[in-house]
Structures are given as C-alpha cells and as structure tokens.
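File shown: protein-v4.cif (mmCIF, C-alpha atoms, pLDDT in the B column; chains and numbers go by the auth columns).
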```cif
data_start
#
loop_
_atom_site.group_PDB
_atom_site.id
_atom_site.type_symbol
_atom_site.label_atom_id
_atom_site.label_comp_id
_atom_site.label_asym_id
_atom_site.label_seq_id
_atom_site.Cartn_x
_atom_site.Cartn_y
_atom_site.Cartn_z
_atom_site.B_iso_or_equiv
_atom_site.auth_seq_id
_atom_site.auth_asym_id
ATOM 1 C CA MET A 1 -148.866 -44.368 63.341 89.00 1 A
ATOM 2 C CA ALA A 2 -148.404 -45.943 66.789 90.00 2 A
ATOM 3 C CA GLN A 3 -152.144 -46.512 67.086 91.00 3 A
ATOM 4 C CA ALA A 4 -152.263 -48.218 63.670 84.00 4 A
ATOM 5 C CA GLU A 5 -149.331 -50.446 64.650 82.00 5 A
ATOM 6 C CA GLN A 6 -151.043 -51.401 67.912 87.00 6 A
ATOM 7 C CA LEU A 7 -154.269 -52.263 66.051 84.00 7 A
ATOM 8 C CA LEU A 8 -152.298 -54.457 63.648 77.00 8 A
ATOM 9 C CA LEU A 9 -150.487 -56.257 66.493 81.00 9 A
ATOM 10 C CA ASP A 10 -153.741 -56.830 68.416 84.00 10 A
ATOM 11 C CA ALA A 11 -155.542 -58.271 65.382 81.00 11 A
ATOM 12 C CA GLN A 12 -152.828 -60.557 64.040 77.00 12 A
ATOM 13 C CA PRO A 13 -153.812 -64.224 64.038 69.00 13 A
ATOM 14 C CA VAL A 14 -151.663 -66.917 65.597 69.00 14 A
ATOM 15 C CA ILE A 15 -151.268 -69.888 63.288 68.00 15 A
ATOM 16 C CA PRO A 16 -149.220 -72.933 64.334 69.00 16 A
ATOM 17 C CA LEU A 17 -146.753 -73.824 61.615 73.00 17 A
ATOM 18 C CA THR A 18 -146.040 -77.321 62.877 72.00 18 A
ATOM 19 C CA VAL A 19 -147.927 -79.948 64.819 67.00 19 A
ATOM 20 C CA GLY A 20 -145.785 -82.076 67.070 67.00 20 A
ATOM 21 C CA ALA A 21 -146.147 -85.808 67.376 71.00 21 A
ATOM 22 C CA THR A 22 -145.356 -87.445 70.675 71.00 22 A
ATOM 23 C CA ARG A 23 -144.717 -91.007 71.663 73.00 23 A
ATOM 24 C CA SER A 24 -145.368 -92.370 75.089 74.00 24 A
ATOM 25 C CA LEU A 25 -143.799 -95.263 76.959 78.00 25 A
ATOM 26 C CA LYS A 26 -145.324 -96.544 80.155 81.00 26 A
ATOM 27 C CA LYS A 27 -144.152 -99.118 82.652 86.00 27 A
ATOM 28 C CA PRO A 28 -146.695 -101.930 83.128 89.00 28 A
ATOM 29 C CA TYR A 29 -146.979 -101.247 86.867 91.00 29 A
ATOM 30 C CA LEU A 30 -148.036 -97.600 86.392 89.00 30 A
ATOM 31 C CA LYS A 31 -151.827 -97.402 86.627 89.00 31 A
ATOM 32 C CA GLY A 32 -154.208 -94.482 86.059 86.00 32 A
ATOM 33 C CA PHE A 33 -152.010 -93.012 83.307 84.00 33 A
ATOM 34 C CA TYR A 34 -153.690 -93.041 79.899 80.00 34 A
ATOM 35 C CA PRO A 35 -152.850 -91.319 76.606 77.00 35 A
ATOM 36 C CA ASN A 36 -154.811 -88.310 75.435 77.00 36 A
ATOM 37 C CA PRO A 37 -154.406 -86.020 72.424 75.00 37 A
ATOM 38 C CA ALA A 38 -153.043 -83.069 74.408 76.00 38 A
ATOM 39 C CA MET A 39 -150.606 -85.247 76.413 78.00 39 A
ATOM 40 C CA LEU A 40 -151.891 -83.634 79.598 82.00 40 A
ATOM 41 C CA HIS A 41 -152.039 -86.195 82.358 82.00 41 A
ATOM 42 C CA PRO A 42 -153.888 -85.913 85.671 85.00 42 A
ATOM 43 C CA TRP A 43 -151.023 -87.110 87.879 88.00 43 A
ATOM 44 C CA LYS A 44 -153.236 -87.278 90.961 90.00 44 A
ATOM 45 C CA PHE A 45 -154.823 -90.458 89.510 89.00 45 A
ATOM 46 C CA ALA A 46 -151.529 -92.209 88.684 91.00 46 A
ATOM 47 C CA TYR A 47 -150.270 -94.870 91.075 93.00 47 A
ATOM 48 C CA ILE A 48 -147.935 -97.866 91.198 94.00 48 A
ATOM 49 C CA GLU A 49 -149.603 -101.276 91.256 92.00 49 A
ATOM 50 C CA ARG A 50 -147.550 -103.756 93.252 93.00 50 A
ATOM 51 C CA ASP A 51 -149.615 -106.851 92.365 91.00 51 A
ATOM 52 C CA GLN A 52 -148.074 -108.210 89.126 87.00 52 A
ATOM 53 C CA SER A 53 -151.305 -109.951 88.095 87.00 53 A
ATOM 54 C CA LYS A 54 -152.931 -106.509 87.632 86.00 54 A
ATOM 55 C CA TRP A 55 -150.167 -104.964 85.505 86.00 55 A
ATOM 56 C CA ASP A 56 -151.013 -103.528 82.064 79.00 56 A
ATOM 57 C CA TYR A 57 -148.989 -104.812 79.148 76.00 57 A
ATOM 58 C CA GLY A 58 -150.539 -102.514 76.550 67.00 58 A
ATOM 59 C CA MET A 59 -151.915 -99.011 76.261 60.00 59 A
ATOM 60 C CA PRO A 60 -155.344 -98.241 74.789 63.00 60 A
ATOM 61 C CA SER A 61 -155.325 -96.792 71.281 64.00 61 A
ATOM 62 C CA MET A 62 -156.209 -93.126 70.850 61.00 62 A
ATOM 63 C CA SER A 63 -157.477 -93.761 67.304 64.00 63 A
ATOM 64 C CA ASN A 64 -160.643 -95.612 68.401 58.00 64 A
#
```

In structure tokens, what does this structure look like?
Amino acid sequence: MAQAEQLLLDAQPVIPLTVGATRSLKKPYLKGFYPNPAMLHPWKFAYIERDQSKWDYGMPSMSN
C-alpha cells in the first residue's frame, strides 16, 4: 500500500489554478529595466540616469 501511495504521489501532475497578473511602475530615470512576461529582471543591467534629457517617459509594450 505504501508503494502504491508513493507511485501516486510521484506521478501526480501540478496544474496552476490561477494565473497572476502584475502591473509595473517605473521611475523615468531608471534605465535598463524592461518588462518581461515572467517579471524576472536582470538587476545587474539597471542603473540610474542622471541626465534628464535621456529619461524614459514610457515603457515598451509586452503585447507587440
């Protein structure tokens, strides 16, 4: 019986019941920070831009 239970537990599928939606806000002086579907960001590429003429006032769309 224990072996049958272990086989059942090992073979059970994992199905997500919900899919979360996230929103992201970004300051215009933060550069190198872009949206992606997994919301995993490579922080080593993010930096603060001090020159106001190079600030971003919009984020690229992930739907394109």

Discussion item. Evaluated on this file, the PyMOL selection byres ((chain A and resi 56) around 9) picks out some residues - which ones are they, written as a list of chain:residue names?
Written reply: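 Selected by the PyMOL selection byres ((chain A and resi 56) around 9) in this file: A:Lys27, A:Pro28, A:Tyr29, A:Leu30, A:Lys31, A:Gln52, A:Ser53, A:Lys54, A:Trp55, A:Tyr57, A:Gly58, A:Met59.
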
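A straight line drawn from CA of Thr22 in chain A to CA of Trp43 in chain A is 18.1 Å long.
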
Worksheet entry | Pairwise distance for CA of Asn36 in chain A and CA of Arg23 in chain A, rounded to one decimal in Å | 11.1 Å

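Here CA of Pro37 in chain A stands at a distance of 18.0 Å from CA of Leu17 in chain A.
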
Discussion item. Here is a test: counting all atoms listed in the file, which residue of A:Ala2, A:Thr18, A:Leu9, A:Gly32 is nearest to Glu49 in chain A?
Written reply: A:Gly32

Worksheet item: Closest to Phe33 in chain A among A:Ile48, A:Met1, A:Ala21, A:Leu8, using only C-alpha atoms?
Response: A:Ile48
